[in-house]
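Trainee: Here you go, protein-v8.tsv (TSV, C-alpha atoms and all ligand atoms):
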chain	number	residue	atom	x	y	z
A	9	MET	CA	7.07	-20.25	-9.90
A	10	ALA	CA	5.73	-17.11	-11.54
A	11	LEU	CA	3.14	-14.57	-10.43
A	12	THR	CA	-0.32	-15.88	-11.27
A	13	GLY	CA	-3.91	-14.78	-11.19
A	14	LEU	CA	-3.23	-11.07	-11.55
A	15	GLU	CA	-4.89	-10.94	-14.96
A	16	ASN	CA	-8.14	-12.18	-13.49
A	17	ASN	CA	-10.73	-9.55	-14.43
A	18	ASP	CA	-12.23	-9.34	-10.93
A	19	LEU	CA	-8.88	-8.54	-9.34
A	20	LYS	CA	-8.49	-4.77	-9.29
A	21	LEU	CA	-6.21	-3.80	-6.44
A	22	ILE	CA	-2.72	-5.29	-6.03
A	23	ILE	CA	-0.66	-4.02	-3.08
A	24	PHE	CA	3.08	-4.63	-2.62
A	25	GLY	CA	4.61	-4.48	0.85
A	26	GLY	CA	7.65	-5.59	2.80
A	27	LYS	CA	10.73	-4.49	4.70
A	28	GLY	CA	12.78	-1.49	3.55
A	29	GLY	CA	14.91	-2.00	0.46
A	30	VAL	CA	13.74	-5.52	-0.48
A	31	GLY	CA	12.48	-4.53	-3.94
A	32	LYS	CA	8.84	-3.50	-3.43
A	33	THR	CA	9.00	-0.53	-5.78
A	34	SER	CA	10.86	-2.44	-8.49
A	35	CYS	CA	8.41	-5.37	-8.30
A	36	ALA	CA	5.34	-3.12	-8.18
A	37	ILE	CA	6.45	-1.21	-11.29
A	38	ALA	CA	7.47	-4.36	-13.19
A	39	THR	CA	4.08	-5.91	-12.36
A	40	ALA	CA	2.23	-2.78	-13.44
A	41	LEU	CA	4.21	-2.80	-16.69
A	42	ALA	CA	3.28	-6.42	-17.33
A	43	LEU	CA	-0.40	-5.83	-16.61
A	44	SER	CA	-0.48	-2.72	-18.76
A	45	GLU	CA	0.07	-4.89	-21.82
A	46	ASN	CA	-3.52	-6.08	-21.58
A	47	PHE	CA	-5.12	-3.74	-19.06
A	48	LYS	CA	-5.27	-0.02	-18.56
A	49	THR	CA	-3.22	0.17	-15.37
A	50	LEU	CA	-2.69	2.83	-12.71
A	51	LEU	CA	0.47	2.55	-10.64
A	52	ILE	CA	0.03	4.30	-7.29
A	53	SER	CA	2.96	5.11	-5.05
A	54	THR	CA	2.12	5.83	-1.41
A	55	ASP	CA	5.80	6.26	-0.56
A	56	PRO	CA	6.85	9.87	0.06
A	57	ALA	CA	10.41	9.00	-1.05
A	58	HIS	CA	9.51	9.49	-4.77
A	59	SER	CA	11.22	6.19	-5.63
A	60	VAL	CA	8.76	5.43	-8.45
A	61	SER	CA	9.94	8.58	-10.22
A	62	ASP	CA	13.56	7.55	-9.71
A	63	CYS	CA	13.03	4.00	-10.91
A	64	LEU	CA	11.02	5.04	-13.97
A	65	GLU	CA	13.40	7.95	-14.61
A	66	GLN	CA	10.37	10.17	-15.07
A	67	LYS	CA	8.80	12.77	-12.78
A	68	ILE	CA	5.62	11.41	-11.21
A	69	GLY	CA	3.64	13.66	-8.88
A	70	PHE	CA	0.25	14.16	-7.21
A	71	ARG	CA	-1.44	14.07	-10.60
A	72	VAL	CA	-1.90	11.09	-12.92
A	73	VAL	CA	0.64	11.01	-15.77
A	74	LYS	CA	1.17	8.53	-18.55
A	75	VAL	CA	4.40	6.59	-18.17
A	76	ASP	CA	6.68	7.41	-21.12
A	77	GLY	CA	7.40	4.52	-23.42
A	78	THR	CA	4.28	2.57	-22.44
A	79	ALA	CA	0.90	2.37	-24.12
A	80	ASN	CA	-1.38	1.81	-21.16
A	81	LEU	CA	0.47	2.54	-17.94
A	82	PHE	CA	-0.32	5.59	-15.84
A	83	ALA	CA	1.19	6.61	-12.51
A	84	ILE	CA	0.53	8.89	-9.55
A	85	GLU	CA	2.07	9.56	-6.15
A	86	VAL	CA	-0.49	9.69	-3.37
A	87	VAL	CA	1.27	11.08	-0.34
A	88	ALA	CA	-0.58	10.83	2.97
A	89	ASP	CA	0.39	14.35	4.14
A	90	GLU	CA	-1.11	15.98	1.06
A	91	ALA	CA	-4.23	13.84	1.13
A	92	LEU	CA	-4.63	14.76	4.82
A	93	SER	CA	-4.16	18.50	4.39
A	94	GLY	CA	-6.77	18.41	1.62
A	95	PHE	CA	-9.16	16.67	4.01
A	96	ILE	CA	-8.52	19.17	6.85
A	97	ARG	CA	-9.00	22.11	4.47
A	98	GLU	CA	-12.28	20.66	3.26
A	99	HIS	CA	-13.68	19.74	6.68
A	100	GLN	CA	-12.18	22.32	9.04
A	101	ALA	CA	-15.58	23.78	9.91
A	102	GLU	CA	-17.15	20.43	10.79
A	103	LEU	CA	-14.15	19.35	12.88
A	104	LYS	CA	-14.25	22.61	14.82
A	105	LYS	CA	-17.98	22.35	15.36
A	106	LEU	CA	-17.61	18.75	16.52
A	107	LEU	CA	-15.23	19.90	19.26
A	108	GLU	CA	-17.24	23.02	20.13
A	109	THR	CA	-20.55	21.23	20.52
A	110	SER	CA	-19.37	18.07	22.16
A	111	THR	CA	-16.90	19.06	24.84
A	112	ASN	CA	-16.16	21.57	27.54
A	113	LEU	CA	-13.04	22.84	25.80
A	114	ASP	CA	-12.32	26.56	25.51
A	115	ASN	CA	-11.24	28.18	22.25
A	116	ASP	CA	-7.51	27.74	22.89
A	117	ASP	CA	-7.99	24.04	23.64
A	118	ILE	CA	-10.01	23.64	20.45
A	119	GLU	CA	-7.36	25.38	18.35
A	120	GLU	CA	-4.78	23.03	19.85
A	121	MET	CA	-6.95	19.95	19.27
A	122	MET	CA	-7.34	20.99	15.62
A	123	THR	CA	-3.58	20.72	15.11
A	124	LEU	CA	-3.45	17.18	16.58
A	125	SER	CA	-3.78	14.26	14.26
A	126	ILE	CA	-6.76	11.96	14.21
A	127	PRO	CA	-5.37	8.41	14.44
A	128	GLY	CA	-5.16	6.70	11.07
A	129	ILE	CA	-6.64	9.65	9.24
A	130	ASP	CA	-3.69	10.40	6.92
A	131	GLU	CA	-3.42	6.82	5.70
A	132	VAL	CA	-7.19	6.55	5.38
A	133	MET	CA	-7.17	9.66	3.23
A	134	SER	CA	-4.52	8.25	0.89
A	135	PHE	CA	-6.54	5.05	0.70
A	136	LYS	CA	-9.64	7.09	0.03
A	137	THR	CA	-7.86	8.65	-2.95
A	138	ILE	CA	-7.12	5.13	-4.21
A	139	ILE	CA	-10.67	3.83	-3.86
A	140	ASP	CA	-12.08	7.03	-5.34
A	141	PHE	CA	-10.01	6.19	-8.42
A	142	MET	CA	-11.27	2.61	-8.32
A	143	GLU	CA	-14.88	3.72	-8.08
A	144	GLU	CA	-14.46	6.14	-10.97
A	145	GLY	CA	-13.45	2.98	-12.84
A	146	GLN	CA	-11.17	4.57	-15.41
A	147	TYR	CA	-8.55	1.84	-15.03
A	148	ASP	CA	-8.71	-1.96	-15.07
A	149	LYS	CA	-5.91	-2.52	-12.55
A	150	TYR	CA	-4.56	-0.50	-9.62
A	151	VAL	CA	-1.07	-1.45	-8.46
A	152	VAL	CA	0.06	0.08	-5.14
A	153	ASP	CA	3.67	0.45	-4.01
A	154	THR	CA	3.95	1.09	-0.27
A	155	ALA	CA	6.77	2.46	1.87
A	156	PRO	CA	8.55	-0.05	4.22
A	157	THR	CA	6.59	-2.50	6.43
A	158	GLY	CA	5.66	-0.05	9.19
A	159	HIS	CA	3.87	2.02	6.60
A	160	ALA	CA	2.04	-0.92	5.01
A	161	LEU	CA	0.92	-1.97	8.47
A	162	ARG	CA	-0.28	1.54	9.27
A	163	LEU	CA	-2.06	1.66	5.94
A	164	ILE	CA	-3.85	-1.60	6.71
A	165	SER	CA	-4.72	-0.81	10.32
A	166	SER	CA	-5.72	2.79	9.60
A	167	PRO	CA	-9.43	2.08	8.92
A	168	ARG	CA	-9.67	0.29	12.29
A	169	LEU	CA	-7.96	3.18	14.12
A	170	LEU	CA	-10.14	5.77	12.50
A	171	ASP	CA	-13.23	3.71	13.22
A	172	GLU	CA	-12.40	3.84	16.95
A	173	TRP	CA	-12.06	7.61	16.74
A	174	ILE	CA	-15.40	7.92	14.93
A	175	LYS	CA	-17.05	5.86	17.68
A	176	VAL	CA	-15.75	8.24	20.35
A	177	ALA	CA	-16.81	11.27	18.30
A	178	ALA	CA	-20.26	9.73	17.77
A	179	ARG	CA	-20.59	9.16	21.54
A	180	MET	CA	-19.69	12.80	22.17
A	181	ARG	CA	-22.32	13.80	19.62
A	182	TRP	CA	-24.88	11.54	21.20
A	183	LYS	CA	-24.59	13.49	24.46
A	184	TYR	CA	-24.99	16.75	22.55
A	185	ARG	CA	-28.00	15.38	20.69
A	186	TYR	CA	-29.53	14.23	23.98
A	187	MET	CA	-29.11	17.72	25.45
A	188	ILE	CA	-30.65	19.46	22.42
A	189	THR	CA	-33.57	17.04	22.38
A	190	SER	CA	-34.17	17.54	26.10
A	191	PHE	CA	-34.30	21.31	25.67
A	192	SER	CA	-36.09	21.72	22.37
A	193	GLY	CA	-37.97	18.43	22.01
A	194	SER	CA	-36.39	17.45	18.70
A	195	TYR	CA	-33.03	17.17	16.91
A	196	GLN	CA	-32.17	17.85	13.27
A	197	GLN	CA	-29.17	16.09	11.76
A	198	ASP	CA	-26.47	18.75	11.13
A	199	ASP	CA	-23.30	19.01	9.00
A	200	VAL	CA	-21.16	17.40	11.72
A	201	ASP	CA	-23.39	14.31	11.73
A	202	VAL	CA	-23.20	14.17	7.94
A	203	PHE	CA	-19.41	14.52	8.13
A	204	LEU	CA	-19.06	11.66	10.66
A	205	LEU	CA	-21.38	9.49	8.61
A	206	GLY	CA	-19.29	10.22	5.50
A	207	LEU	CA	-16.10	9.22	7.34
A	208	LYS	CA	-17.74	6.03	8.57
A	209	LYS	CA	-18.75	5.20	5.01
A	210	THR	CA	-15.19	5.80	3.80
A	211	VAL	CA	-13.85	3.39	6.43
A	212	LYS	CA	-16.42	0.78	5.40
A	213	ARG	CA	-15.61	1.19	1.68
A	214	ILE	CA	-11.90	0.69	2.36
A	215	GLU	CA	-12.43	-2.34	4.59
A	216	THR	CA	-14.82	-3.91	2.12
A	217	ILE	CA	-12.35	-3.66	-0.75
A	218	LEU	CA	-9.33	-4.78	1.31
A	219	ARG	CA	-11.16	-7.87	2.57
A	220	ASP	CA	-12.58	-8.83	-0.79
A	221	ASN	CA	-10.27	-11.64	-1.90
A	222	ASN	CA	-11.52	-11.45	-5.45
A	223	ARG	CA	-10.88	-7.75	-5.85
A	224	CYS	CA	-7.76	-7.23	-3.73
A	225	GLU	CA	-4.48	-9.08	-3.29
A	226	PHE	CA	-1.48	-8.21	-1.15
A	227	ILE	CA	1.92	-9.38	-2.43
A	228	PRO	CA	4.68	-9.45	0.18
A	229	VAL	CA	8.23	-9.00	-1.05
A	230	CYS	CA	11.01	-10.62	0.98
A	231	ILE	CA	14.73	-11.38	0.63
A	232	PRO	CA	16.64	-14.39	2.02
A	233	GLU	CA	17.85	-12.62	5.16
A	234	ALA	CA	16.86	-13.04	8.82
A	235	MET	CA	15.40	-9.58	9.49
A	236	ALA	CA	13.38	-9.53	6.29
A	237	ILE	CA	11.86	-12.93	7.09
A	238	LEU	CA	10.89	-11.80	10.60
A	239	GLU	CA	9.26	-8.64	9.25
A	240	THR	CA	7.43	-10.56	6.56
A	241	GLY	CA	6.08	-12.90	9.26
A	242	ARG	CA	4.74	-9.95	11.23
A	243	LEU	CA	3.28	-8.37	8.12
A	244	LEU	CA	1.47	-11.57	7.10
A	245	ALA	CA	0.13	-12.05	10.63
A	246	GLU	CA	-1.30	-8.54	10.60
A	247	LEU	CA	-2.76	-9.06	7.13
A	248	GLY	CA	-4.39	-12.24	8.44
A	249	THR	CA	-6.06	-10.45	11.35
A	250	SER	CA	-7.28	-7.75	8.99
A	251	GLY	CA	-8.80	-10.39	6.68
A	252	ILE	CA	-6.52	-9.48	3.75
A	253	VAL	CA	-5.42	-12.25	1.46
A	254	SER	CA	-1.93	-13.13	0.20
A	255	ARG	CA	-1.54	-16.02	-2.21
A	256	GLN	CA	2.05	-15.56	-3.33
A	257	ILE	CA	5.31	-14.10	-2.09
A	258	ILE	CA	8.21	-12.65	-4.06
A	259	VAL	CA	11.62	-13.74	-2.80
A	260	ASN	CA	13.99	-11.22	-4.29
A	261	ASN	CA	17.79	-10.99	-4.56
A	262	VAL	CA	18.31	-14.74	-4.76
A	263	MET	CA	21.88	-15.68	-5.67
A	264	THR	CA	21.90	-18.09	-8.61
A	265	SER	CA	25.42	-17.97	-9.97
A	266	GLN	CA	28.13	-20.24	-8.62
A	267	GLY	CA	30.76	-18.81	-10.92
A	268	CYS	CA	33.13	-17.39	-8.30
A	269	ASP	CA	34.10	-17.98	-4.72
A	270	PHE	CA	32.14	-14.95	-3.51
A	271	CYS	CA	29.00	-16.00	-5.43
A	272	MET	CA	29.27	-19.51	-4.03
A	273	LYS	CA	29.57	-18.22	-0.47
A	274	ARG	CA	26.61	-15.86	-0.91
A	275	LYS	CA	24.55	-18.66	-2.39
A	276	ASN	CA	25.39	-20.99	0.51
A	277	ALA	CA	24.68	-18.26	3.04
A	278	GLN	CA	21.21	-17.76	1.55
A	279	MET	CA	20.31	-21.48	1.63
A	280	PRO	CA	19.05	-21.72	5.23
A	281	TYR	CA	16.98	-18.56	4.76
A	282	LEU	CA	15.42	-19.89	1.57
A	283	HIS	CA	14.45	-23.04	3.49
A	284	ASP	CA	13.14	-20.89	6.30
A	285	ILE	CA	10.99	-18.93	3.84
A	286	SER	CA	9.54	-22.08	2.29
A	287	ASN	CA	8.75	-23.51	5.75
A	288	LYS	CA	7.36	-20.36	7.34
A	289	PHE	CA	5.30	-19.26	4.37
A	290	GLU	CA	4.46	-22.71	2.99
A	291	ASN	CA	0.90	-21.73	2.13
A	292	LEU	CA	2.13	-19.06	-0.31
A	293	SER	CA	3.52	-19.80	-3.74
A	294	ARG	CA	7.03	-18.42	-4.05
A	295	ILE	CA	8.40	-16.42	-6.94
A	296	GLU	CA	12.17	-16.31	-6.73
A	297	VAL	CA	13.92	-13.41	-8.41
A	298	PRO	CA	17.69	-13.53	-8.88
A	299	VAL	CA	19.92	-10.69	-7.87
A	300	PHE	CA	20.87	-8.78	-11.01
A	301	PRO	CA	24.37	-7.51	-11.61
A	302	GLU	CA	22.99	-3.99	-12.04
A	303	GLU	CA	20.36	-1.90	-10.23
A	304	ILE	CA	16.81	-1.88	-11.60
A	305	LYS	CA	16.32	1.49	-13.17
A	306	GLY	CA	14.59	2.43	-16.39
A	307	LEU	CA	12.23	0.45	-18.62
A	308	ASP	CA	14.80	-2.04	-19.97
A	309	ALA	CA	15.89	-3.19	-16.52
A	310	LEU	CA	12.27	-3.28	-15.35
A	311	ASP	CA	11.40	-5.42	-18.34
A	312	LYS	CA	14.03	-7.94	-17.27
A	313	LEU	CA	12.43	-8.06	-13.83
A	314	ARG	CA	8.98	-8.39	-15.42
A	315	MET	CA	10.21	-11.49	-17.26
A	316	CYS	CA	11.41	-13.00	-13.99
A	317	LEU	CA	8.17	-12.29	-12.18
A	318	PHE	CA	5.86	-13.58	-14.90
A	319	PHE	CA	7.95	-16.16	-16.74
A	320	ASN	CA	10.03	-17.69	-13.98
A	321	CYS	CA	13.58	-16.83	-14.96
A	322	GLN	CA	15.97	-19.25	-13.40
A	323	SER	CA	17.76	-19.42	-16.74
A	324	LYS	CA	21.29	-18.41	-17.72
A	325	THR	CA	19.94	-15.24	-19.38
A	326	PHE	CA	19.70	-13.65	-15.96
A	327	ASP	CA	22.79	-15.18	-14.42
A	328	ASN	CA	24.24	-13.00	-11.69
A	401	LIG	N1	16.76	-8.41	-8.06
A	401	LIG	C1	17.51	-7.31	-7.92
A	401	LIG	N2	18.78	-7.27	-8.37
A	401	LIG	C2	19.55	-6.17	-8.25
A	401	LIG	N3	19.12	-5.03	-7.68
A	401	LIG	C3	17.85	-4.98	-7.22
A	401	LIG	C4	16.97	-6.10	-7.32
A	401	LIG	N4	15.77	-5.76	-6.78
A	401	LIG	C5	15.91	-4.49	-6.39
A	401	LIG	N5	17.13	-4.00	-6.64
A	401	LIG	C6	17.68	-2.69	-6.33
A	401	LIG	O1	17.63	-2.55	-4.92
A	401	LIG	C7	17.31	-1.22	-4.55
A	401	LIG	C8	16.02	-1.23	-3.69
A	401	LIG	O2	14.95	-1.66	-4.51
A	401	LIG	P1	13.50	-1.00	-4.37
A	401	LIG	O3	13.58	0.48	-4.37
A	401	LIG	O4	12.63	-1.64	-5.36
A	401	LIG	O5	13.16	-1.52	-2.90
A	401	LIG	P2	12.01	-1.03	-1.93
A	401	LIG	O6	11.64	-2.23	-1.13
A	401	LIG	O7	10.95	-0.35	-2.69
A	401	LIG	O8	12.79	0.03	-1.03
A	401	LIG	P3	12.10	1.06	0.00
A	401	LIG	O9	11.74	0.25	1.19
A	401	LIG	O10	13.23	2.02	0.28
A	401	LIG	O11	10.92	1.68	-0.67
A	401	LIG	C9	17.15	-0.44	-5.83
A	401	LIG	O12	18.37	0.18	-6.11
A	401	LIG	C10	16.88	-1.53	-6.88
A	401	LIG	O13	17.33	-1.15	-8.17
A	402	MG	MG	10.11	1.57	-2.45
How would this structure read if it were set down as structure tokens?

Mentor:
Amino acid sequence: MALTGLENNDLKLIIFGGKGGVGKTSCAIATALALSENFKTLLISTDPAHSVSDCLEQKIGFRVVKVDGTANLFAIEVVADEALSGFIREHQAELKKLLETSTNLDNDDIEEMMTLSIPGIDEVMSFKTIIDFMEEGQYDKYVVDTAPTGHALRLISSPRLLDEWIKVAARMRWKYRYMITSFSGSYQQDDVDVFLLGLKKTVKRIETILRDNNRCEFIPVCIPEAMAILETGRLLAELGTSGIVSRQIIVNNVMTSQGCDFCMKRKNAQMPYLHDISNKFENLSRIEVPVFPEEIKGLDALDKLRMCLFFNCQSKTFDN
């Protein structure tokens, strides 16, 4: 099988996730390269390990750059820490006021609270950067490479976590509003209310896009090994509860050659896991990618992977 449906005009956001080291970055870049042939494509790395830069052999940073050697592929690294510090800088005053007006904390407590993280906020902020790009609409496709499973799961559950926090904050505000109204007879919405409302809207925007099966697709990447299969199972279960759709799964590093004793043994060892994958994830179409003799680095190697993903390469050309 080959990857399908990604050229559909409605589909904008394609997210790759899976266990560490299974080939997410390689597959995300190869997919972005393929799509960039017909669509203006933005490749977004949310992995702080800078692996997109390494794989493309080109420095990619917190600013969009055109990928050398391509006509229509652009790339950016959106790192949660940076997105979060930008958010804190921008909204420090509102956060402080929220704590001052809603609790019995003294100044020292408030200063300490300000240094604590709001659950899910860093991931939400990196996601916000992504959907801001989508809403600006400069690109036709947005391909996201995530860090290993834990991170993809955090990314997906972050809107829910932040939503809980907003609810608590809104309850604290409600008490404050009640007090003001009791004393002065009326209450005017202030900058903290506007801030909380803005956050709530951001959460809603993210959830709406993630759950829209026409606009967003999550592609899990797995390899024929026990741990990777278990993690993929957990990832898909979490995606299911979050209402995020997966239609296809990439099974990477599949041994195809039988040319030597070692290859034969590896191939046989993978067999039960390949069966396991087809049983456990039977509702997903599987794209098998052979293990290449060399690592996937640079445009030529990525192009080979692109061929496998989109044109089903079980042929001798890619014999390992
Ligand atoms: N089919 C393949 N054949 C040979 N090497 C591969 C294949 N797929 C990926 N690799 C190599 O495996 C290594 C890990 O791949 P990659 O960085 O894409 O994985 P990842 O899932 O993004 O890892 P991480 O979880 O660390 O972000 C890289 O060196 C890459 O070149
Ligand atoms: Mg990676």

Trainee: List all protein, DNA and RNA residues that have at least one atom no more than 8 Å from any atom of ligand LIG 401 (chain A), counting all atoms listed in the file, and write them as a PyMOL selection string.

Mentor: chain A and resi 25-36+55+57+59+63+153-157+229+260-262+297-305+313

Trainee: Smallest atom-to-atom distance to A:Met133: which of A:Val200, A:Gly77, A:Glu172, A:Ile214, using all atoms listed in the file?

Mentor: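 Of the candidates, the smallest distance to A:Met133 is held by A:Ile214.
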
Trainee: Just give me the gap between atom CA of A:Leu64 and atom CA of A:Asp76 in Å, one decimal is fine.

Mentor: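 Taking atom CA of A:Leu64 and atom CA of A:Asp76, their separation equals 8.7 Å.
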
Trainee: With only C-alpha atoms as the atoms that count, which of A:Val176, A:Ile231, A:Cys224, A:Leu243 lies nearest to A:Arg162?

Mentor: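 Ranking A:Val176, A:Ile231, A:Cys224, A:Leu243 by distance to A:Arg162, first place goes to A:Leu243.
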
Trainee: Between atom CA of A:Val253 and atom CA of A:Phe95, what is the spacing in Å?

Mentor: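 Taking atom CA of A:Phe95 as the start and atom CA of A:Val253 as the end point, the length is 29.3 Å.
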